[in-house]
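The file data-v3.csv contains CSV, C-alpha atoms:
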```csv
chain,number,residue,atom,x,y,z
A,1,PRO,CA,117.7,30.0,-39.7
A,2,PRO,CA,119.8,27.1,-38.3
A,3,ARG,CA,122.8,27.9,-40.5
A,4,THR,CA,123.0,31.5,-39.2
A,5,SER,CA,122.8,30.3,-35.6
A,6,THR,CA,125.6,27.9,-36.1
A,7,MET,CA,127.9,30.6,-37.6
A,8,LYS,CA,127.2,32.9,-34.7
A,9,THR,CA,128.0,30.2,-32.1
A,10,PHE,CA,131.3,29.5,-33.9
A,11,ALA,CA,132.2,33.2,-34.0
A,12,VAL,CA,131.6,33.5,-30.2
A,13,ALA,CA,133.8,30.5,-29.6
A,14,LEU,CA,136.6,32.1,-31.7
A,15,SER,CA,136.2,35.4,-29.8
A,16,LEU,CA,136.6,33.6,-26.4
A,17,ALA,CA,139.6,31.8,-27.5
A,18,ALA,CA,141.2,35.1,-28.6
A,19,LEU,CA,140.9,36.6,-25.1
A,20,PRO,CA,144.3,37.0,-23.2
A,21,GLY,CA,143.2,34.9,-20.3
A,22,ALA,CA,142.0,32.0,-22.3
A,23,THR,CA,145.4,30.6,-22.9
A,24,ALA,CA,145.8,30.3,-19.1
A,25,PHE,CA,143.4,27.4,-19.1
A,26,THR,CA,145.5,25.3,-21.5
A,27,PRO,CA,148.4,24.4,-19.2
A,28,THR,CA,146.0,23.9,-16.3
A,29,LEU,CA,144.1,21.3,-18.2
A,30,LYS,CA,147.4,19.6,-19.3
A,31,ALA,CA,148.6,19.6,-15.7
A,32,ARG,CA,145.4,18.0,-14.6
A,33,ALA,CA,145.5,15.4,-17.3
A,34,GLY,CA,149.1,14.6,-16.4
A,35,ALA,CA,148.0,14.3,-12.7
A,36,ARG,CA,145.4,11.8,-13.7
A,37,ARG,CA,148.0,9.6,-15.5
A,38,THR,CA,150.5,9.7,-12.6
A,39,ARG,CA,150.1,6.9,-10.1
A,40,ALA,CA,151.8,6.3,-6.8
A,41,PRO,CA,154.4,3.4,-7.1
A,42,LEU,CA,153.2,0.1,-5.7
A,43,LYS,CA,155.2,-1.9,-3.2
A,44,SER,CA,157.0,-4.7,-5.0
A,45,ALA,CA,160.1,-6.8,-4.8
A,46,VAL,CA,162.7,-5.0,-2.8
A,47,SER,CA,166.4,-5.8,-3.4
A,48,MET,CA,169.1,-4.1,-1.4
A,49,GLU,CA,172.6,-4.9,-0.3
A,50,VAL,CA,172.7,-5.4,3.5
A,51,THR,CA,174.5,-7.1,6.3
A,52,PRO,CA,172.9,-10.5,7.1
A,53,ARG,CA,170.7,-10.3,10.1
A,54,ALA,CA,171.8,-11.6,13.5
A,55,TRP,CA,169.6,-14.8,13.7
A,56,GLU,CA,172.3,-17.2,15.0
A,57,MET,CA,172.5,-18.6,18.6
A,58,GLY,CA,176.0,-17.0,18.8
A,59,ASP,CA,174.4,-13.6,18.1
A,60,ILE,CA,171.9,-14.1,21.0
A,61,SER,CA,174.6,-15.2,23.5
A,62,PRO,CA,178.1,-14.4,22.2
A,63,ASP,CA,179.7,-15.8,25.4
A,64,GLY,CA,177.4,-18.8,25.7
A,65,SER,CA,176.1,-17.9,29.1
A,66,LEU,CA,172.4,-17.8,28.0
A,67,VAL,CA,172.6,-21.2,26.2
A,68,GLN,CA,171.0,-24.1,28.0
A,69,ARG,CA,170.8,-27.8,27.2
A,70,ILE,CA,167.3,-29.2,27.4
A,71,GLU,CA,166.9,-32.9,27.7
A,72,GLY,CA,163.9,-34.7,26.2
A,73,GLN,CA,160.7,-34.3,28.1
A,74,THR,CA,162.1,-31.4,30.2
A,75,ARG,CA,161.9,-27.6,30.0
A,76,LYS,CA,164.0,-24.5,30.7
A,77,THR,CA,163.0,-20.8,31.2
A,78,TRP,CA,164.5,-17.3,30.8
A,79,LYS,CA,163.2,-14.3,32.7
A,80,PHE,CA,162.9,-10.8,31.2
A,81,ASN,CA,161.9,-7.8,33.3
A,82,ASN,CA,162.8,-4.8,31.2
A,83,ILE,CA,159.5,-3.1,30.3
A,84,ASP,CA,161.2,-0.7,27.9
A,85,LYS,CA,161.9,-3.5,25.5
A,86,ASP,CA,159.2,-5.4,23.5
A,87,ARG,CA,161.0,-8.2,21.7
A,88,VAL,CA,163.0,-11.2,22.7
A,89,GLN,CA,164.9,-13.6,20.4
A,90,VAL,CA,164.9,-17.3,20.7
A,91,ALA,CA,167.0,-20.0,18.9
A,92,LEU,CA,166.9,-23.8,19.2
A,93,GLU,CA,169.3,-26.3,17.6
A,94,SER,CA,170.6,-29.8,17.9
A,95,ASP,CA,173.6,-31.8,16.7
A,96,GLY,CA,171.8,-33.0,13.6
A,97,ARG,CA,168.9,-34.9,15.2
A,98,PRO,CA,165.2,-33.7,15.1
A,99,VAL,CA,164.0,-30.7,17.1
A,100,HIS,CA,160.4,-30.9,18.5
A,101,ALA,CA,159.8,-28.2,21.0
A,102,ASP,CA,157.2,-25.7,22.3
A,103,ILE,CA,158.0,-22.0,23.0
A,104,GLN,CA,155.6,-20.2,25.3
A,105,LEU,CA,155.4,-16.6,26.5
A,106,TRP,CA,154.3,-16.4,30.1
A,107,CYS,CA,152.9,-13.1,31.5
A,108,GLY,CA,152.2,-13.8,35.2
A,109,PRO,CA,151.6,-17.2,36.7
A,110,ASP,CA,148.7,-18.4,34.5
A,111,TRP,CA,148.6,-16.3,31.2
A,112,THR,CA,150.3,-17.5,28.0
A,113,PRO,CA,149.3,-15.0,25.3
A,114,PHE,CA,151.7,-16.6,22.8
A,115,SER,CA,152.4,-20.2,22.1
A,116,LEU,CA,154.6,-21.6,19.3
A,117,LYS,CA,155.0,-25.3,18.4
A,118,THR,CA,158.2,-26.0,16.4
A,119,TYR,CA,159.6,-28.9,14.5
A,120,SER,CA,162.8,-29.4,12.5
A,121,GLU,CA,163.9,-32.6,10.8
A,122,ASP,CA,167.6,-31.6,11.3
A,123,GLY,CA,168.3,-29.1,14.0
A,124,LEU,CA,171.8,-28.5,12.7
A,125,LYS,CA,170.9,-27.7,9.1
A,126,ARG,CA,167.6,-26.0,9.9
A,127,PRO,CA,167.7,-24.5,13.5
A,128,VAL,CA,164.7,-22.8,15.0
A,129,LYS,CA,165.0,-19.0,14.9
A,130,THR,CA,162.2,-16.7,16.0
A,131,LEU,CA,161.3,-13.4,17.6
A,132,VAL,CA,158.7,-13.1,20.4
A,133,GLY,CA,156.9,-9.9,21.5
A,134,THR,CA,156.8,-9.2,25.2
A,135,ARG,CA,154.1,-6.5,25.1
A,136,ASN,CA,156.5,-4.3,27.2
A,137,LYS,CA,155.8,-6.5,30.3
A,138,GLY,CA,157.9,-8.6,32.7
A,139,VAL,CA,157.7,-12.0,31.1
A,140,MET,CA,159.2,-15.5,31.0
A,141,ILE,CA,160.1,-17.5,28.0
A,142,GLU,CA,159.6,-21.3,28.4
A,143,VAL,CA,161.1,-23.9,26.0
A,144,GLN,CA,159.8,-27.4,26.4
A,145,ASN,CA,161.5,-30.3,24.6
A,146,LYS,CA,158.7,-32.5,23.5
A,147,ALA,CA,160.9,-35.2,22.1
A,148,GLU,CA,162.1,-38.3,23.8
A,149,LYS,CA,165.1,-38.4,26.1
A,150,GLU,CA,167.4,-39.5,23.3
A,151,PHE,CA,166.9,-36.1,21.5
A,152,PRO,CA,168.3,-33.2,23.6
A,153,ILE,CA,168.5,-29.7,22.2
A,154,LYS,CA,170.3,-26.5,22.9
A,155,ALA,CA,168.3,-23.2,23.4
A,156,ALA,CA,169.1,-19.6,24.0
A,157,SER,CA,167.0,-16.5,24.5
A,158,ASN,CA,167.8,-12.8,25.0
A,159,TYR,CA,166.4,-9.4,24.3
A,160,ALA,CA,166.6,-8.6,20.6
A,161,THR,CA,169.0,-5.9,19.4
A,162,ASP,CA,167.6,-2.7,18.1
A,163,ASP,CA,168.0,-3.8,14.5
A,164,MET,CA,166.4,-7.2,15.1
A,165,ALA,CA,163.5,-5.6,17.1
A,166,LYS,CA,162.6,-3.7,13.9
A,167,VAL,CA,162.2,-6.8,11.7
A,168,PRO,CA,158.5,-7.5,12.6
A,169,HIS,CA,157.5,-4.1,11.1
A,170,GLU,CA,160.3,-3.6,8.6
A,171,ILE,CA,159.6,-6.7,6.5
A,172,PRO,CA,155.8,-6.0,6.0
A,173,ALA,CA,156.6,-2.3,5.3
A,174,THR,CA,159.1,-3.2,2.5
A,175,THR,CA,157.5,-6.2,0.9
A,176,GLU,CA,154.2,-6.9,-0.8
A,177,GLY,CA,152.1,-8.8,1.7
A,178,THR,CA,149.4,-11.3,1.0
A,179,ILE,CA,146.1,-11.7,2.8
A,180,VAL,CA,145.5,-15.3,3.9
A,181,ALA,CA,141.8,-15.8,4.7
A,182,GLY,CA,140.5,-18.1,7.4
A,183,ALA,CA,140.9,-21.8,6.5
A,184,ALA,CA,142.9,-20.8,3.4
A,185,LEU,CA,146.3,-22.1,2.1
A,186,ARG,CA,149.0,-20.2,0.2
A,187,SER,CA,152.4,-21.3,-1.1
A,188,TRP,CA,155.5,-19.6,-2.3
A,189,PRO,CA,158.3,-21.2,-4.4
A,190,ILE,CA,161.8,-20.4,-3.1
A,191,GLU,CA,164.6,-19.4,-5.4
A,192,GLU,CA,167.5,-21.8,-5.8
A,193,ALA,CA,169.9,-19.0,-4.8
A,194,ALA,CA,168.1,-18.4,-1.5
A,195,LYS,CA,170.1,-19.0,1.7
A,196,GLN,CA,167.5,-17.9,4.2
A,197,VAL,CA,163.8,-17.1,4.1
A,198,GLU,CA,162.3,-14.7,6.7
A,199,VAL,CA,158.5,-14.8,7.2
A,200,VAL,CA,156.2,-12.4,9.1
A,201,LEU,CA,152.6,-13.2,9.9
A,202,HIS,CA,150.4,-10.5,11.5
A,203,THR,CA,146.8,-9.4,12.0
A,204,ASP,CA,145.1,-6.1,12.7
A,205,GLY,CA,144.9,-7.0,16.4
A,206,ARG,CA,142.7,-10.1,16.2
A,207,GLN,CA,143.9,-13.6,17.0
A,208,LEU,CA,146.5,-15.4,14.9
A,209,ASN,CA,146.3,-19.1,14.5
A,210,ALA,CA,148.5,-20.4,11.6
A,211,LYS,CA,151.0,-23.0,10.4
A,212,ILE,CA,154.1,-22.4,8.3
A,213,GLU,CA,155.9,-25.3,6.6
A,214,LEU,CA,159.1,-25.5,4.7
A,215,LEU,CA,158.6,-28.2,2.1
A,216,ASN,CA,161.5,-29.8,0.1
A,217,ALA,CA,159.2,-32.1,-1.9
A,218,PRO,CA,155.4,-32.5,-2.2
A,219,ASN,CA,154.0,-32.9,1.3
A,220,ASN,CA,157.5,-33.5,2.8
A,221,PRO,CA,157.8,-30.8,5.6
A,222,LYS,CA,161.4,-30.3,6.7
A,223,GLN,CA,160.5,-27.6,9.2
A,224,VAL,CA,157.2,-26.5,10.8
A,225,TYR,CA,156.0,-23.6,13.0
A,226,GLU,CA,152.4,-23.5,14.4
A,227,VAL,CA,151.4,-20.4,16.3
A,228,PHE,CA,148.5,-19.2,18.4
A,229,THR,CA,148.2,-15.8,20.0
A,230,ASN,CA,145.2,-13.7,21.0
A,231,ASN,CA,146.7,-10.6,19.4
A,232,GLY,CA,148.5,-11.0,16.1
A,233,ASP,CA,149.7,-7.4,16.0
A,234,LEU,CA,151.4,-7.3,19.4
A,235,ASN,CA,152.7,-10.9,19.0
A,236,ARG,CA,153.6,-11.1,15.3
A,237,LEU,CA,155.0,-14.4,14.2
A,238,VAL,CA,158.5,-13.8,12.9
A,239,VAL,CA,160.7,-16.7,11.9
A,240,CYS,CA,163.8,-17.4,9.8
A,241,PHE,CA,164.3,-20.6,7.8
A,242,ASP,CA,167.8,-21.7,6.8
A,243,ILE,CA,167.8,-23.1,3.2
A,244,PRO,CA,170.7,-25.6,2.9
A,245,GLU,CA,169.5,-27.1,-0.4
A,246,ALA,CA,167.4,-26.1,-3.5
A,247,GLY,CA,163.9,-27.1,-4.4
A,248,ASN,CA,161.9,-25.6,-1.5
A,249,THR,CA,158.4,-24.2,-1.0
A,250,ILE,CA,157.0,-22.2,1.8
A,251,ARG,CA,153.4,-23.3,2.6
A,252,ILE,CA,151.2,-21.2,5.0
A,253,ILE,CA,147.9,-22.3,6.3
A,254,ASN,CA,145.4,-20.2,8.3
A,255,LEU,CA,144.0,-22.6,11.0
A,256,ALA,CA,141.4,-20.0,12.1
A,257,THR,CA,137.9,-19.5,10.8
A,258,VAL,CA,136.9,-17.0,8.1
A,259,GLU,CA,136.6,-14.2,10.7
A,260,PHE,CA,140.3,-14.2,11.4
A,261,PRO,CA,142.4,-13.4,8.2
A,262,PHE,CA,146.1,-12.4,8.5
A,263,TYR,CA,148.8,-10.9,6.4
A,264,ALA,CA,151.9,-12.9,5.3
A,265,SER,CA,155.2,-11.2,4.2
A,266,LEU,CA,158.3,-13.1,3.0
A,267,ASN,CA,161.9,-12.1,2.5
A,268,GLN,CA,164.3,-14.3,0.6
A,269,VAL,CA,168.0,-13.8,1.6
A,270,LEU,CA,170.0,-14.4,-1.6
A,271,GLY,CA,173.7,-14.9,-1.9
A,272,GLY,CA,176.2,-17.0,-0.2
A,273,GLU,CA,179.8,-17.2,0.8
A,274,GLY,CA,181.9,-14.9,-1.4
A,275,GLU,CA,178.7,-13.3,-2.8
A,276,THR,CA,176.8,-10.2,-2.0
A,277,THR,CA,173.9,-10.9,0.3
A,278,ARG,CA,170.7,-9.1,-0.5
A,279,TYR,CA,167.1,-9.2,0.6
A,280,GLU,CA,164.4,-9.7,-1.9
A,281,GLY,CA,160.8,-9.3,-0.7
A,282,GLY,CA,157.4,-9.7,-2.4
A,283,VAL,CA,157.9,-13.2,-3.6
A,284,GLN,CA,155.7,-14.1,-6.5
A,285,LEU,CA,152.6,-16.0,-5.3
A,286,ARG,CA,152.1,-19.3,-6.8
```

Just give me the structure as structure tokens.
Amino acid sequence: PPRTSTMKTFAVALSLAALPGATAFTPTLKARAGARRTRAPLKSAVSMEVTPRAWEMGDISPDGSLVQRIEGQTRKTWKFNNIDKDRVQVALESDGRPVHADIQLWCGPDWTPFSLKTYSEDGLKRPVKTLVGTRNKGVMIEVQNKAEKEFPIKAASNYATDDMAKVPHEIPATTEGTIVAGAALRSWPIEEAAKQVEVVLHTDGRQLNAKIELLNAPNNPKQVYEVFTNNGDLNRLVVCFDIPEAGNTIRIINLATVEFPFYASLNQVLGGEGETTRYEGGVQLR
């Protein structure tokens, strides 16, 4: 009868539970259950006390020997032949007038794998600061002043220090990056306490064609970078914005088609004179 069968099944279950080895299954199941609930921590905003990075022109050329004055509609160059290094640092500034210049990486007489168009409304408050990958080759950095003769600029370039050479990979590794699809636009609000914003754009090896704008009001760009490179991994775009006033937004536009997405990572450098400087990555996407 069904009732007798049910009682026999229940009795067998009790007998199995009474076996000495049966209790060994209990902690295993609990351990497995606990393992299912445990998740690896996700990368999020990173905040750490650090020394401000050496972005200034004085850091590139402490004695001023590598600083050159570039008149409007003229160009200057710097040669780099150390194939053991893969990153150079470039800085442009003015006495307060606009900066409108192109930075190009020359490998040989007719190959420019990296080109960067720069603009700053005030080259004293917002100087141009960037890192350029050399691909471990003998290269030349060319800076061309695209402005009129009335707007000269100062420029300096040198091999990046070991700490600065790590920045193109350090920022994406410690912040929560955002994928920017082809023809897409993303924007990030900047905290009022921010003194600098560091931005890294990179791809998985495909081309990188993008524009970064620092806006201080709707559609009012104070500083602009526009990059093109055939390899967005070897030549990552790494720039630093000085933030002299509050109310800013970083806007990033992918100028390529949908086949060429890239990753964007931001670091806000918080703190000021008399305060602890810290880096905060993974800015909330707006």

Which residues are close to A:Gly133, i.e. within 6 Å by all atoms listed in the file, leaving aside same-chain residues fewer than 2 positions away? Reply as a PyMOL selection string. chain A and resi 86-87+135+235

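Of the listed residues A:Thr257, A:Asn231, A:Ser157, A:Ser115, the one whose atoms come nearest to A:Gly182 is A:Thr257, with distances taken using all atoms listed in the file.
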
Which residue is closest to A:Trp78? Choose from A:Ile141, A:Ser65, A:Cys107, A:Asp122 and count all atoms listed in the file. A:Ile141

Atom CA of A:Gly64 and atom CA of A:Tyr225, how far apart in Å?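 That distance, rounded to one decimal, is 25.3 Å.
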
Nearby residues (only C-alpha atoms) at most 9 Å from A:Ile253, same-chain spacing under 4 positions excluded, as an MDAnalysis selection string: chainID A and resid 180 182:187 209:213

Can you spit out the residues from that selection as a CSV table (one decimal), keeping the file's coordinate frame, using C-alpha atoms?
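In the end it all went to out.csv:
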```csv
chain,number,residue,atom,x,y,z
A,180,VAL,CA,145.5,-15.3,3.9
A,182,GLY,CA,140.5,-18.1,7.4
A,183,ALA,CA,140.9,-21.8,6.5
A,184,ALA,CA,142.9,-20.8,3.4
A,185,LEU,CA,146.3,-22.1,2.1
A,186,ARG,CA,149.0,-20.2,0.2
A,187,SER,CA,152.4,-21.3,-1.1
A,209,ASN,CA,146.3,-19.1,14.5
A,210,ALA,CA,148.5,-20.4,11.6
A,211,LYS,CA,151.0,-23.0,10.4
A,212,ILE,CA,154.1,-22.4,8.3
A,213,GLU,CA,155.9,-25.3,6.6
```

Determine, counting only C-alpha atoms, which protein, DNA and RNA residues have an atom within 9 Å of an atom of A:Gln73; residues of the same chain fewer than 6 positions away are not included. Present the result as a list in words.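 Returned residues: Gln144, Asn145, Lys146, Ala147, Glu148, Lys149 and Pro152 of chain A.
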
Residues at most 9 Å from A:Met164, counting all atoms listed in the file, excluding those fewer than 5 positions away in the same chain, as an NGL selection string? :A and (53-55 or 87 or 89 or 131)

If you keep C-alpha atoms, can you produce a file of those selected residues as a tab-separated table (two decimals), keeping the file's coordinate frame?
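Below is the file that was written, part.tsv:
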```
chain	number	residue	atom	x	y	z
A	53	ARG	CA	170.70	-10.30	10.10
A	54	ALA	CA	171.80	-11.60	13.50
A	55	TRP	CA	169.60	-14.80	13.70
A	87	ARG	CA	161.00	-8.20	21.70
A	89	GLN	CA	164.90	-13.60	20.40
A	131	LEU	CA	161.30	-13.40	17.60
```

Could you check which of A:Thr174, A:Thr229, A:Asn82, A:Ser94 is closest to A:Asn158, using all atoms listed in the file? A:Asn82

Could you work out how far atom CA of A:Thr74 lies from atom CA of A:Gln223, giving the answer in Å with one decimal? 21.4 Å

Tell me, as a VMD selection string, which residues lie within 10 Å of A:Lys85, counting all atoms listed in the file; anything in the same chain fewer than 4 positions away does not count. chain A and resid 80 to 81 133 to 138 159 to 162 165

Determine, counting all atoms listed in the file, every residue of protein, DNA or RNA that lies within 9 Å of (171.4, -26.9, 30.2) in the file coordinates, then give the result as a list in words.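 Residues found, by chain and rising number: Val67, Gln68, Arg69, Ile70, Glu71, Lys76, Ile153, Lys154 and Ala155 of chain A.
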
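Shortest atom-to-atom contact with A:Leu234 among A:Ser265, A:Thr118, A:Ser61, A:Gln207: A:Gln207, counting all atoms listed in the file.
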
note - atom CA of A:Phe262 and atom CA of A:His202 are separated by 5.6 Å

Nearest residue to A:Leu215 out of A:Ile83, A:Ile250, A:Val238, A:Ile243, using all atoms listed in the file?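 Ranked by minimum distance to A:Leu215, first place goes to A:Ile250.
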
Taking only C-alpha atoms into account, which of A:Ile103, A:Asp242, A:Val132, A:Tyr263 comes nearest A:Ala194?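 Looking only at the distances to A:Ala194, the closest residue turns out to be A:Asp242.
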
Taking (154.8, -15.3, 30.7) in the coordinates of the supplied file, I want to know which residues reach to within 9 Å of it, counting all atoms listed in the file; could you give the answer as a list in words?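 Applying the cut-off with all atoms listed in the file, one gets Lys79, Gln104, Leu105, Trp106, Cys107, Gly108, Pro109, Asp110, Trp111, Thr112, Pro113, Phe114, Thr134, Lys137, Gly138, Val139, Met140, Ile141 and Glu142 of chain A.
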
Go ahead and save the residues from that selection, with C-alpha atoms, as a JSON list (two decimals), keeping the file's coordinate frame.
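Final file, selection18.json:
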```json
[["chain", "number", "residue", "atom", "x", "y", "z"],
["A", 79, "LYS", "CA", 163.20, -14.30, 32.70],
["A", 104, "GLN", "CA", 155.60, -20.20, 25.30],
["A", 105, "LEU", "CA", 155.40, -16.60, 26.50],
["A", 106, "TRP", "CA", 154.30, -16.40, 30.10],
["A", 107, "CYS", "CA", 152.90, -13.10, 31.50],
["A", 108, "GLY", "CA", 152.20, -13.80, 35.20],
["A", 109, "PRO", "CA", 151.60, -17.20, 36.70],
["A", 110, "ASP", "CA", 148.70, -18.40, 34.50],
["A", 111, "TRP", "CA", 148.60, -16.30, 31.20],
["A", 112, "THR", "CA", 150.30, -17.50, 28.00],
["A", 113, "PRO", "CA", 149.30, -15.00, 25.30],
["A", 114, "PHE", "CA", 151.70, -16.60, 22.80],
["A", 134, "THR", "CA", 156.80, -9.20, 25.20],
["A", 137, "LYS", "CA", 155.80, -6.50, 30.30],
["A", 138, "GLY", "CA", 157.90, -8.60, 32.70],
["A", 139, "VAL", "CA", 157.70, -12.00, 31.10],
["A", 140, "MET", "CA", 159.20, -15.50, 31.00],
["A", 141, "ILE", "CA", 160.10, -17.50, 28.00],
["A", 142, "GLU", "CA", 159.60, -21.30, 28.40]]
```

Axis-aligned box over every listed atom of stretch 98-112 of chain A, padded by 4 Å per side: centre and edges in Å to one decimal, as AutoDock Vina command-line options?
```
--center_x 156.9 --center_y -23.4 --center_z 25.9 --size_x 24.6 --size_y 28.6 --size_z 29.6
```
